[in-house]
>>> print(open('entry.cif').read())   # mmCIF, C-alpha atoms and all ligand atoms
data_coords
#
loop_
_atom_site.label_atom_id
_atom_site.label_comp_id
_atom_site.auth_asym_id
_atom_site.auth_seq_id
_atom_site.Cartn_x
_atom_site.Cartn_y
_atom_site.Cartn_z
CA MET A 2 8.88 -2.59 18.59
CA ARG A 3 6.28 -3.16 15.94
CA SER A 4 5.68 -5.60 13.13
CA GLY A 5 3.95 -5.23 9.81
CA ARG A 6 1.08 -7.25 8.43
CA ASN A 7 1.63 -10.86 7.57
CA HIS A 8 0.75 -11.36 3.92
CA ALA A 9 1.33 -15.08 3.84
CA SER A 10 -2.04 -16.16 5.21
CA SER A 11 -4.18 -18.16 2.83
CA GLY A 12 -7.44 -20.05 2.56
CA GLY A 13 -10.90 -18.96 3.63
CA ALA A 14 -12.98 -16.38 1.84
CA ALA A 15 -11.37 -13.49 3.68
CA SER A 16 -7.84 -13.27 5.04
CA ARG A 17 -7.79 -13.44 8.81
CA PRO A 18 -4.99 -12.13 11.01
CA GLU A 19 -2.96 -14.94 12.57
CA ARG A 20 -3.95 -15.90 16.12
CA PRO A 21 -1.48 -14.79 18.74
CA ASN A 22 0.13 -17.38 20.99
CA GLY A 23 -0.53 -16.29 24.55
CA MET A 24 -3.04 -15.04 27.05
CA ARG A 25 -5.65 -12.49 26.00
CA LEU A 26 -5.91 -9.71 28.54
CA GLY A 27 -8.83 -7.94 26.86
CA ARG A 28 -9.38 -4.73 24.94
CA ILE A 29 -8.04 -1.33 25.90
CA ALA A 30 -9.23 1.67 23.86
CA GLY A 31 -10.26 -0.69 21.06
CA VAL A 32 -6.88 -2.46 20.92
CA GLU A 33 -6.70 -6.16 21.69
CA VAL A 34 -3.94 -6.87 24.22
CA THR A 35 -2.25 -10.27 24.41
CA LEU A 36 0.44 -11.44 26.80
CA ASP A 37 2.94 -13.71 25.05
CA TRP A 38 3.88 -16.72 27.22
CA SER A 39 7.56 -15.77 26.92
CA LEU A 40 6.85 -12.73 29.07
CA LEU A 41 6.22 -15.01 32.05
CA ILE A 42 9.98 -15.72 31.93
CA ILE A 43 10.69 -12.00 32.34
CA PHE A 44 8.11 -11.81 35.11
CA ALA A 45 9.82 -14.67 36.95
CA LEU A 46 13.34 -13.28 36.37
CA ILE A 47 12.39 -9.86 37.73
CA ALA A 48 10.60 -11.32 40.75
CA MET A 49 13.62 -13.57 41.46
CA ALA A 50 16.22 -10.82 40.99
CA LEU A 51 14.31 -8.45 43.28
CA SER A 52 13.41 -10.93 46.01
CA GLY A 53 16.76 -12.71 45.92
CA GLY A 54 19.14 -9.73 45.72
CA VAL A 55 17.98 -6.16 45.31
CA LEU A 56 15.30 -5.89 48.00
CA PRO A 57 17.14 -7.77 50.80
CA ARG A 58 20.16 -5.52 50.09
CA TRP A 59 18.08 -2.32 50.21
CA HIS A 60 16.02 -3.48 53.21
CA PRO A 61 17.98 -5.91 55.41
CA ASP A 62 15.26 -5.61 58.09
CA TRP A 63 12.32 -6.68 55.85
CA GLY A 64 10.70 -10.07 56.39
CA GLN A 65 10.44 -12.72 53.67
CA ALA A 66 6.72 -12.03 52.97
CA LYS A 67 7.21 -8.29 52.55
CA VAL A 68 10.11 -8.88 50.16
CA LEU A 69 8.15 -11.38 48.06
CA VAL A 70 4.98 -9.27 47.79
CA THR A 71 6.97 -6.19 46.81
CA ALA A 72 9.01 -8.19 44.26
CA PHE A 73 5.91 -9.66 42.59
CA ALA A 74 4.13 -6.30 42.58
CA ALA A 75 7.20 -4.77 40.91
CA ALA A 76 7.29 -7.51 38.25
CA ALA A 77 3.57 -6.99 37.53
CA LEU A 78 4.05 -3.22 37.30
CA PHE A 79 6.91 -3.79 34.86
CA LEU A 80 4.44 -5.54 32.54
CA VAL A 81 2.08 -2.59 32.94
CA SER A 82 4.98 -0.29 32.00
CA VAL A 83 5.55 -2.23 28.77
CA LEU A 84 1.81 -2.01 28.07
CA VAL A 85 1.84 1.78 28.54
CA HIS A 86 4.77 2.00 26.08
CA GLU A 87 2.95 -0.05 23.43
CA LEU A 88 -0.40 1.68 23.95
CA ALA A 89 1.34 5.00 23.36
CA HIS A 90 2.54 3.68 19.98
CA ALA A 91 -0.93 2.36 19.14
CA LEU A 92 -2.97 5.39 20.15
CA VAL A 93 -0.64 7.95 18.56
CA GLY A 94 -0.42 5.70 15.48
CA ARG A 95 -4.18 5.66 15.19
CA ARG A 96 -4.35 9.45 15.41
CA LEU A 97 -1.86 9.57 12.53
CA GLY A 98 -3.87 7.15 10.42
CA VAL A 99 -2.06 3.84 11.08
CA GLU A 100 -4.58 1.22 12.14
CA ILE A 101 -3.49 -0.87 15.14
CA ARG A 102 -5.79 -3.67 16.17
CA ARG A 103 -3.59 -5.78 18.43
CA ILE A 104 -0.69 -5.47 20.86
CA THR A 105 1.39 -8.43 22.02
CA LEU A 106 3.49 -8.01 25.13
CA PHE A 107 6.55 -9.99 24.36
CA VAL A 108 9.82 -11.14 25.95
CA PHE A 109 11.87 -8.15 24.77
CA GLY A 110 9.10 -5.61 25.24
CA GLY A 111 6.03 -5.34 23.10
CA MET A 112 4.79 -5.40 19.58
CA ALA A 113 1.98 -3.34 18.17
CA HIS A 114 0.65 -5.09 15.09
CA MET A 115 0.11 -2.61 12.32
CA GLU A 116 -2.14 -3.02 9.33
CA GLY A 117 0.62 -2.18 6.86
CA GLU A 118 3.43 0.32 7.29
CA PRO A 119 2.94 4.03 7.94
CA LYS A 120 2.29 5.86 4.69
CA THR A 121 4.27 8.99 5.51
CA TRP A 122 7.49 9.77 7.35
CA GLN A 123 5.57 12.09 9.70
CA ALA A 124 3.27 9.24 10.79
CA GLU A 125 6.28 6.93 11.25
CA LEU A 126 8.13 9.55 13.29
CA GLY A 127 5.20 10.41 15.58
CA MET A 128 4.25 6.80 16.16
CA ALA A 129 7.83 5.66 16.81
CA ILE A 130 8.73 8.40 19.28
CA ALA A 131 5.49 8.04 21.27
CA GLY A 132 6.54 4.80 23.02
CA PRO A 133 9.93 5.93 24.40
CA LEU A 134 8.50 9.33 25.40
CA ALA A 135 5.72 7.58 27.33
CA SER A 136 8.32 5.38 29.09
CA LEU A 137 10.50 8.36 29.99
CA ALA A 138 7.47 10.31 31.28
CA LEU A 139 6.27 7.30 33.29
CA GLY A 140 9.77 6.85 34.73
CA LEU A 141 9.95 10.48 35.87
CA LEU A 142 6.44 10.24 37.32
CA CYS A 143 7.45 7.16 39.35
CA LEU A 144 10.51 8.95 40.74
CA ILE A 145 8.51 12.06 41.65
CA LEU A 146 5.82 9.94 43.35
CA ALA A 147 8.51 7.95 45.17
CA GLY A 148 9.96 11.22 46.47
CA ILE A 149 6.55 12.48 47.62
CA ILE A 150 5.59 9.18 49.31
CA ALA A 151 8.96 8.64 50.97
CA GLY A 152 9.03 12.21 52.31
CA PRO A 153 12.21 13.69 53.76
CA ILE A 154 14.89 11.08 54.60
CA ASP A 155 17.94 11.54 56.84
CA LEU A 156 20.77 10.85 54.46
CA ASP A 157 24.03 9.82 56.04
CA PRO A 158 26.77 10.57 53.46
CA GLN A 159 28.92 7.83 55.03
CA ASP A 160 26.19 5.23 54.60
CA PRO A 161 23.56 6.11 51.95
CA GLY A 162 22.02 2.62 52.23
CA LYS A 163 20.71 3.51 55.69
CA GLY A 164 18.49 6.26 54.21
CA LEU A 165 17.15 3.82 51.62
CA ALA A 166 16.26 1.31 54.34
CA GLN A 167 13.87 3.83 55.93
CA ILE A 168 11.44 4.04 52.98
CA GLY A 169 8.31 1.88 52.76
CA PRO A 170 7.38 -0.80 50.18
CA LEU A 171 5.40 1.50 47.86
CA ALA A 172 8.13 4.13 47.63
CA THR A 173 10.74 1.36 47.18
CA LEU A 174 8.72 -0.11 44.34
CA LEU A 175 8.41 3.26 42.61
CA LEU A 176 12.10 3.97 43.18
CA TRP A 177 12.90 0.75 41.28
CA LEU A 178 10.24 1.22 38.58
CA GLY A 179 11.25 4.80 37.74
CA PRO A 180 14.80 4.07 36.52
CA VAL A 181 13.60 0.86 34.85
CA ASN A 182 11.14 2.85 32.74
CA ILE A 183 13.77 5.46 31.94
CA VAL A 184 16.16 2.69 30.80
CA LEU A 185 13.33 1.14 28.75
CA GLY A 186 12.74 4.50 27.06
CA LEU A 187 16.44 5.17 26.45
CA PHE A 188 17.16 1.64 25.20
CA ASN A 189 14.35 1.93 22.67
CA LEU A 190 15.72 5.28 21.53
CA VAL A 191 18.97 3.69 20.28
CA PRO A 192 18.85 4.63 16.58
CA GLY A 193 19.05 1.07 15.21
CA PHE A 194 16.13 -0.38 13.27
CA PRO A 195 13.80 -2.07 14.32
CA LEU A 196 14.07 -0.34 17.73
CA ASP A 197 11.90 2.76 18.04
CA GLY A 198 14.96 5.01 17.72
CA GLY A 199 15.80 3.21 14.47
CA ARG A 200 12.34 4.01 13.19
CA VAL A 201 12.83 7.64 14.21
CA LEU A 202 16.13 7.64 12.28
CA ARG A 203 14.46 6.00 9.30
CA ALA A 204 11.59 8.51 9.35
CA VAL A 205 14.04 11.45 9.45
CA LEU A 206 16.14 10.00 6.58
CA TRP A 207 12.95 9.18 4.69
CA GLY A 208 11.77 12.79 5.13
CA LEU A 209 15.15 14.13 3.99
CA THR A 210 15.75 11.85 0.99
CA GLY A 211 12.28 10.56 0.07
CA ASP A 212 13.80 7.07 -0.35
CA LEU A 213 12.21 4.62 2.10
CA THR A 214 14.29 1.60 1.07
CA ARG A 215 17.68 3.32 1.40
CA SER A 216 16.57 4.86 4.71
CA THR A 217 15.59 1.40 5.97
CA LEU A 218 18.98 0.04 4.86
CA THR A 219 20.86 2.72 6.81
CA ALA A 220 18.71 2.37 9.95
CA ALA A 221 18.99 -1.43 9.80
CA ALA A 222 22.79 -1.21 9.42
CA VAL A 223 22.99 0.94 12.57
CA GLY A 224 20.69 -1.61 14.24
CA GLN A 225 23.04 -4.45 13.33
CA ALA A 226 26.09 -2.50 14.50
CA PHE A 227 24.37 -1.89 17.85
CA ALA A 228 23.45 -5.58 18.02
CA TRP A 229 27.11 -6.57 17.54
CA LEU A 230 28.13 -4.08 20.23
CA LEU A 231 25.69 -5.73 22.66
CA ILE A 232 26.94 -9.21 21.77
CA ALA A 233 30.60 -8.17 22.20
CA THR A 234 29.82 -6.41 25.50
CA GLY A 235 27.89 -9.47 26.69
CA PHE A 236 30.77 -11.83 25.95
CA ALA A 237 33.25 -9.44 27.58
CA MET A 238 31.07 -9.44 30.71
CA ALA A 239 30.86 -13.23 30.65
CA LEU A 240 34.67 -13.36 30.53
CA GLY A 241 34.86 -11.22 33.65
CA VAL A 242 35.33 -7.69 32.23
CA ARG A 243 33.54 -5.04 34.31
CA VAL A 244 31.33 -2.91 32.04
CA PRO A 245 30.03 0.41 33.46
CA PHE A 246 26.30 0.22 34.32
CA PHE A 247 25.98 -3.46 33.27
CA GLY A 248 28.60 -4.85 35.67
CA SER A 249 30.02 -8.26 34.89
CA GLY A 250 29.17 -11.94 35.17
CA ALA A 251 28.19 -14.85 32.96
CA ILE A 252 24.39 -14.63 33.32
CA GLY A 253 24.11 -10.87 32.74
CA GLY A 254 26.59 -11.14 29.88
CA LEU A 255 24.83 -13.99 28.11
CA TRP A 256 21.51 -12.22 28.56
CA LEU A 257 22.92 -9.08 26.92
CA ALA A 258 24.43 -11.16 24.08
CA LEU A 259 21.05 -12.85 23.57
CA ILE A 260 19.28 -9.48 23.29
CA GLY A 261 21.97 -8.42 20.79
CA TRP A 262 21.51 -11.58 18.74
CA PHE A 263 17.74 -11.08 18.70
CA LEU A 264 18.08 -7.44 17.65
CA GLY A 265 20.57 -8.27 14.91
CA ASN A 266 18.20 -10.85 13.45
CA ALA A 267 15.28 -8.45 13.66
CA ALA A 268 17.29 -5.73 11.91
CA ARG A 269 18.26 -8.07 9.06
CA GLN A 270 14.75 -9.43 8.70
CA SER A 271 13.05 -6.06 8.66
CA TYR A 272 15.39 -4.95 5.91
CA GLN A 273 14.65 -8.09 3.91
CA VAL A 274 10.91 -7.54 4.32
CA ARG A 275 11.39 -3.99 3.05
CA LEU A 276 13.37 -5.29 0.07
CA ILE A 277 10.67 -7.83 -0.76
CA GLU A 278 7.96 -5.17 -0.52
CA ASP A 279 10.08 -2.99 -2.75
CA ARG A 280 10.52 -5.76 -5.33
CA LEU A 281 6.86 -6.69 -5.25
CA ALA A 282 6.00 -3.06 -5.95
CA THR A 283 8.02 -3.17 -9.19
CA LEU A 284 7.29 -6.79 -10.13
CA PRO A 285 4.62 -7.05 -12.84
CA VAL A 286 1.86 -9.48 -12.01
CA SER A 287 2.48 -11.21 -15.38
CA ARG A 288 5.71 -12.61 -13.87
CA VAL A 289 4.01 -14.34 -10.93
CA MET A 290 0.67 -15.45 -12.42
CA HIS A 291 0.07 -19.12 -13.23
CA HIS A 292 -1.15 -20.56 -16.53
CA ASP A 293 -2.30 -24.08 -15.71
CA TYR A 294 -6.00 -23.39 -15.22
CA ARG A 295 -9.14 -24.51 -17.03
CA VAL A 296 -11.79 -22.29 -18.55
CA VAL A 297 -15.46 -23.15 -19.20
CA GLU A 298 -17.98 -22.20 -21.89
CA PRO A 299 -20.96 -20.06 -20.82
CA ASP A 300 -23.39 -22.92 -21.62
CA ALA A 301 -21.46 -25.58 -19.67
CA ARG A 302 -23.73 -27.39 -17.19
CA VAL A 303 -23.03 -26.65 -13.53
CA GLN A 304 -23.19 -30.41 -12.84
CA ASP A 305 -20.31 -31.04 -15.28
CA LEU A 306 -18.34 -28.18 -13.78
CA VAL A 307 -18.71 -29.79 -10.34
CA ASP A 308 -17.88 -33.33 -11.54
CA ASP A 309 -14.96 -32.52 -13.85
CA GLY A 310 -13.74 -29.37 -12.10
CA PHE A 311 -14.37 -28.55 -8.45
CA LEU A 312 -14.41 -32.18 -7.25
CA VAL A 313 -11.22 -33.34 -8.96
CA LEU A 314 -9.07 -30.24 -9.44
CA SER A 315 -7.63 -27.82 -6.91
CA GLN A 316 -8.73 -24.86 -9.06
CA ARG A 317 -11.25 -22.80 -7.11
CA ALA A 318 -12.44 -20.38 -9.80
CA TYR A 319 -13.17 -20.96 -13.50
CA PRO A 320 -13.02 -18.17 -16.07
CA VAL A 321 -16.09 -18.31 -18.32
CA VAL A 322 -14.83 -17.73 -21.86
CA SER A 323 -16.53 -17.74 -25.24
CA ASP A 324 -14.75 -17.05 -28.55
CA GLY A 325 -11.63 -16.26 -26.55
CA GLU A 326 -13.35 -13.41 -24.72
CA LEU A 327 -13.78 -13.38 -20.94
CA ARG A 328 -17.47 -13.25 -19.86
CA GLY A 329 -17.20 -13.83 -16.12
CA VAL A 330 -16.00 -16.21 -13.40
CA VAL A 331 -17.64 -19.10 -11.57
CA CYS A 332 -16.21 -19.84 -8.15
CA LEU A 333 -17.00 -22.50 -5.55
CA GLU A 334 -19.16 -20.04 -3.62
CA ASP A 335 -21.43 -19.48 -6.67
CA VAL A 336 -22.02 -23.22 -6.95
CA ARG A 337 -22.63 -23.63 -3.23
CA ARG A 338 -25.29 -20.90 -3.27
CA LEU A 339 -27.20 -22.80 -5.95
CA GLY A 340 -29.30 -25.73 -4.72
CA ARG A 341 -27.88 -29.17 -5.56
CA ASP A 342 -31.09 -30.11 -7.40
CA GLN A 343 -30.46 -27.26 -9.85
CA TRP A 344 -26.96 -28.35 -10.84
CA PRO A 345 -28.10 -30.48 -13.82
CA SER A 346 -30.33 -27.78 -15.32
CA ARG A 347 -28.34 -24.57 -14.78
CA ARG A 348 -25.46 -23.26 -16.91
CA ALA A 349 -22.20 -21.53 -15.97
CA ALA A 350 -23.49 -18.25 -17.42
CA ASP A 351 -26.48 -18.35 -15.00
CA ILE A 352 -24.40 -18.32 -11.84
CA MET A 353 -21.13 -16.60 -12.85
CA THR A 354 -20.02 -13.20 -11.61
CA PRO A 355 -20.22 -11.19 -14.84
CA LEU A 356 -17.19 -9.34 -16.20
CA GLU A 357 -18.56 -5.90 -15.22
CA ARG A 358 -18.53 -6.89 -11.54
CA LEU A 359 -15.14 -8.64 -11.57
CA HIS A 360 -12.00 -7.21 -10.02
CA THR A 361 -9.32 -8.04 -12.55
CA MET A 362 -5.72 -6.98 -13.05
CA THR A 363 -3.77 -5.94 -16.10
CA PRO A 364 -0.44 -7.76 -16.70
CA SER A 365 1.64 -4.67 -16.00
CA GLN A 366 0.12 -3.96 -12.58
CA SER A 367 2.37 -4.82 -9.64
CA ALA A 368 2.37 -7.92 -7.46
CA SER A 369 1.93 -5.71 -4.39
CA ALA A 370 -1.19 -4.21 -5.97
CA ALA A 371 -2.44 -7.79 -6.45
CA LEU A 372 -1.79 -8.60 -2.77
CA ALA A 373 -3.61 -5.47 -1.69
CA LEU A 374 -6.61 -6.25 -3.92
CA LEU A 375 -6.72 -9.90 -2.76
CA ALA A 376 -6.82 -8.78 0.86
CA GLU A 377 -9.24 -5.93 0.30
CA ARG A 378 -11.77 -8.06 -1.60
CA GLY A 379 -11.25 -11.18 0.51
CA VAL A 380 -10.87 -13.35 -2.61
CA ASN A 381 -8.48 -16.21 -3.30
CA GLN A 382 -7.47 -15.36 -6.86
CA LEU A 383 -7.54 -12.59 -9.41
CA LEU A 384 -7.74 -12.85 -13.17
CA VAL A 385 -5.06 -11.15 -15.22
CA VAL A 386 -6.82 -9.78 -18.27
CA GLU A 387 -5.67 -7.86 -21.33
CA ARG A 388 -8.08 -6.57 -23.99
CA GLY A 389 -10.81 -8.96 -22.89
CA ARG A 390 -8.56 -12.05 -22.93
CA VAL A 391 -7.47 -14.02 -19.86
CA LEU A 392 -3.68 -14.26 -19.58
CA GLY A 393 -3.46 -16.01 -16.22
CA LEU A 394 -4.58 -16.32 -12.63
CA VAL A 395 -2.77 -14.93 -9.63
CA THR A 396 -3.12 -16.13 -6.02
CA ARG A 397 -1.34 -15.33 -2.76
CA GLU A 398 0.45 -18.67 -3.12
CA ASP A 399 1.88 -17.58 -6.49
CA ILE A 400 3.35 -14.46 -4.90
CA LEU A 401 4.56 -16.37 -1.84
CA LYS A 402 6.27 -18.91 -4.11
CA TRP A 403 8.00 -16.09 -5.92
CA MET A 404 9.17 -14.61 -2.60
CA VAL A 405 10.56 -17.97 -1.48
CA LEU A 406 12.26 -18.88 -4.75
CA GLY A 407 13.50 -15.37 -5.44
CA PRO A 408 13.84 -13.27 -8.53
CA GLY A 409 15.99 -15.73 -10.50
CA ALA A 410 13.27 -18.35 -10.38
CA SER A 411 11.34 -17.60 -13.55
CA SER A 412 12.70 -19.13 -16.74
CA ARG A 413 10.20 -16.98 -18.61
CA GLU A 414 12.28 -13.92 -17.91
CA ALA A 415 14.00 -14.21 -21.29
CA ASP A 416 10.71 -14.47 -23.22
ZN ZN B 501 8.44 0.86 21.26
#
>>> encode(input="entry.cif", output="structure tokens", more="lines below")
Ligand SMILES: [Zn+2]
Amino acid sequence: MRSGRNHASSGGAASRPERPNGMRLGRIAGVEVTLDWSLLIIFALIAMALSGGVLPRWHPDWGQAKVLVTAFAAAALFLVSVLVHELAHALVGRRLGVEIRRITLFVFGGMAHMEGEPKTWQAELGMAIAGPLASLALGLLCLILAGIIAGPIDLDPQDPGKGLAQIGPLATLLLWLGPVNIVLGLFNLVPGFPLDGGRVLRAVLWGLTGDLTRSTLTAAAVGQAFAWLLIATGFAMALGVRVPFFGSGAIGGLWLALIGWFLGNAARQSYQVRLIEDRLATLPVSRVMHHDYRVVEPDARVQDLVDDGFLVLSQRAYPVVSDGELRGVVCLEDVRRLGRDQWPSRRAADIMTPLERLHTMTPSQSASAALALLAERGVNQLLVVERGRVLGLVTREDILKWMVLGPGASSREAD
């Protein structure tokens, strides 16, 4: 599973990625790996399930210590398996031009944090399929190794458990890990967005139709249908129905329903994010910009600008305008660079960033172009300019407000 960039960050000269909540494991191949605290729950559940049920059943003659060590080793290797899956996404993604800086191992698997979405359906397809393929390959490798380590076993067709009891801890561990990885790979291949299989489906539809938004809608709808299937199956199990492969029982059933609920939410959210991105791409920046800002004359004293502007208003950048024409911008950073003793003697025109060096927008450019430029330049606001005149200022907060309040929010629409 992967998530796109969070655009909502604000403040500071440059936008920083949000800090993950968890334990940093370090860097692997240039990718920062973090363990989300929620994964400790999975670790504990696996260790408990193995030491309390599976291993004593497979090996009735094993002592308590042997069971516990094997169970904890298996739980740790499960985390490594999830890491391999996510690293496969990240490394293949990087080869295909999608920058991945961070991976979070998370309760339902992992998340590779992308800097934006893949630009082409080929990149999306290659990156999405890499994770499940890595899991399937790892699963097969575990089974082959288990077979080699265990060597020939006398299998009694009347009592297959007896053969299983002969194999050692390492082969037992691999024999458990192999199918687990294969299930991990297959589960992620279910073609419902945002599972990897859903991304594969979306990439194929995107390649066929060229319409990313409609493809996301279809893949997310399949994702929600699958989520409902999991929830229904989970409740059926909780009510005592025996489901092939999953069995029955309240705990297993509720767990399955919880995964379904999580997936359904993720499917809906990823579609909404896509819709917002789509709208921002067609939304002119003139609709989101704000108008309640002050301008200054080129010969305004810096001291006055500090006293009447920066110290008392929340505005962080002042357009420098003379005869209605934009000359440049003075921002807090320009004032800070200038020594305090020079504030009374210097003028706005002395310290402003002149028009030639400004990154401005035209009113018809899109809000998503504004977001991209804000992030790329590490600035807090952009001026919207038409034929040398300032029409407004646009910040991340303006765009965020628009996203929260929705398209019906602007009463200026009728203007
Ligand atoms: Zn994946």
>>> closest_residue(input="entry.cif", among="A:Leu144, A:Tyr319, A:Ile43, A:Pro195", to="A:Trp256", atoms="all atoms listed in the file")
A:Ile43
>>> residues_near_ligand(input="entry.cif", ligand="ligand ZN 501 (chain B)", cutoff="10 Å", atoms="all atoms listed in the file", output="PyMOL selection string")
chain A and resi 2-3+83-91+110-113+128-136+185-186+188-190+195-198+200
>>> residues_near_point(input="entry.cif", point="(-1.9, -8.1, 28.0)", cutoff="12 Å", atoms="all atoms listed in the file", output="ChimeraX atom specification")
/A:21-29,32-38,40-41,77,79-85,87-88,103-107,110-113
>>> residues_around(input="entry.cif", residues="A:Pro364", least_positions_apart="5", cutoff="10 Å", atoms="all atoms listed in the file", output="ChimeraX atom specification")
/A:285-290,384-387,391-393
>>> atom_distance(input="entry.cif", atom1="atom CA of A:Val405", atom2="atom CA of A:Ser271")
15.8 Å
>>> closest_residue(input="entry.cif", among="A:Trp122, A:Trp229, A:Phe246, A:Tyr272", to="A:Val99", atoms="all atoms listed in the file")
A:Trp122
>>> residues_around(input="entry.cif", residues="A:Leu333", least_positions_apart="2", cutoff="8 Å", atoms="only C-alpha atoms", output="NGL selection string")
:A and (311 or 317-318 or 331 or 335-337)
